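I have placed the structure first, in the form of structure tokens, so that the comments after it can refer back to it.
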Amino acid sequence: MAETAPPYLDPHPDVILGLINRVVSVRWPEDPDELNAYFRTIDCARGPMFERQDDMSDSSRGSLLMPGVLMEGGSWATLAGKLHSLGFFFYPGTQGSRIVAGLAFDIVQDRLTNVYGKAADEKGHSEGNRSALWEVNETSIELYAHINLAPVLQLGLSHRDLTLLHDKLIIEKRGYLVGPPLVVQRLCDS
């Protein structure tokens with residue numbers, strides 16, 4: 001049974017599900033000249049580029065905006081001009097508003113399960129934090145409820161094969177990978 005979203009959840013969870021559905025239903029761009037058109041297709045806009053010292057020379061990253069949608073932040077990443085990762089943070093709060101991130105996770109997880117089936121991986125983490133992973137077509141959908149310290153709902157959408165390649169190259173370069181637990185676990189399993 002689908003939970004009804006209370007009015008204080010801004011954006012409404014259907015906005016997040018709509019974003020996920022758009023990403024899953026269109027081809028990931030393989031050329032940097034396609035990025036702006038792709039971002040428009042998923043109702044996002046490219047923000048400023050990020051510069052990191054430890055990025056690989058053929059990768060780029062930048063901020064991602066969803067005009068009219070309240071969120072803490074968004075980002076995108078490419079490898080050799082091919083988009084492989086989108087990240088979003090919704091419902092930022094304080095320790096006094098932990099309930100929002102958990103409730104949003106439950107509603108979005110329930111709706112994703114109704115559309116895409118049971119998550120391939122679900123985990124409960126310490127102090128109420130939770131995560132779930134779906135694999136749909138070439139897209140990995142990662143949902144995280146960060147409940148304590150800095151409550152937020154984190155959504156990661158990635159091109160499964162390109163992200164695994166990117167992360168393996170990072171490990172070869174650095175000797176380690178810092179990232180979401182589900183991503184690191186998939187690399188260890190592959």
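Ligands are numbered from 1 in the order shown, chains are lettered A, B, ... in the order of the structure tokens, and residues start at 1 in each chain.
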**Request:** Apply DSSP to the backbone of this structure and, from chain A, keep only the residues in strand (DSSP E); write these as a PyMOL selection string.
**Result:** chain A and resi 45-50+59-65+73-79+82-90+121-124+130-136+139-146+152-159
Long-range neighbours of Glu30 in chain A as a short mmCIF file (atom, residue, chain, number, x, y, z; two decimals) with N, CA and C atoms, in the first residue's frame, 10 Å cut-off, only C-alpha atoms, 5 positions minimum in chain:
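Printed below is part-v6.cif as written:
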data_model
loop_
_atom_site.label_atom_id
_atom_site.label_comp_id
_atom_site.auth_asym_id
_atom_site.auth_seq_id
_atom_site.Cartn_x
_atom_site.Cartn_y
_atom_site.Cartn_z
N LEU A 35 25.10 16.77 -23.41
CA LEU A 35 24.75 16.91 -22.00
C LEU A 35 23.61 17.89 -21.74
N THR A 78 31.25 12.86 -15.71
CA THR A 78 31.51 12.17 -16.97
C THR A 78 32.87 11.48 -16.91
N LEU A 79 33.03 10.51 -17.76
CA LEU A 79 34.31 9.85 -17.99
C LEU A 79 34.48 9.79 -19.50
N ALA A 80 35.54 10.39 -20.00
CA ALA A 80 35.80 10.46 -21.44
C ALA A 80 34.59 11.03 -22.19
N GLY A 81 33.93 12.02 -21.58
CA GLY A 81 32.80 12.68 -22.21
C GLY A 81 31.47 11.97 -22.07
N LYS A 82 31.47 10.77 -21.50
CA LYS A 82 30.24 10.00 -21.33
C LYS A 82 29.71 10.19 -19.92
N LEU A 83 28.45 10.61 -19.81
CA LEU A 83 27.84 10.81 -18.51
C LEU A 83 27.69 9.46 -17.81
N HIS A 84 28.14 9.40 -16.56
CA HIS A 84 27.99 8.14 -15.84
C HIS A 84 27.34 8.29 -14.48
#
**Asked** Got a sec: who's within 6 Å of range 151-164 of chain A, counting only C-alpha atoms, leaving out chain neighbours fewer than 3 positions off, as a ChimeraX atom specification?
**Response** /A:84-93,98,101,138-148,167
**Prompt:** DSSP says helix (DSSP H, G or I) for which residues of range 49-152 of chain A? Put them as JSON, numbers by chain?
**Reply:** {"A": [95, 96, 97, 98, 99, 100, 101, 102, 103, 104, 105, 106, 107, 108, 109, 110, 111, 112, 113, 114, 115, 116, 126, 127, 128]}
**Who sits within 10 Å of Asp10 in chain A, only C-alpha atoms, same chain under 4 positions skipped, as a ChimeraX atom specification** = /A:5-6,15,69-71,90-91,100,104
**Message:** My list of candidates is A:Glu127, A:Asp110, A:Asp43, A:Glu51. Which is closest to Met66 in chain A when distances are computed with only C-alpha atoms?
**Reply:**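 Smallest separation from Met66 in chain A among the options: A:Asp43.
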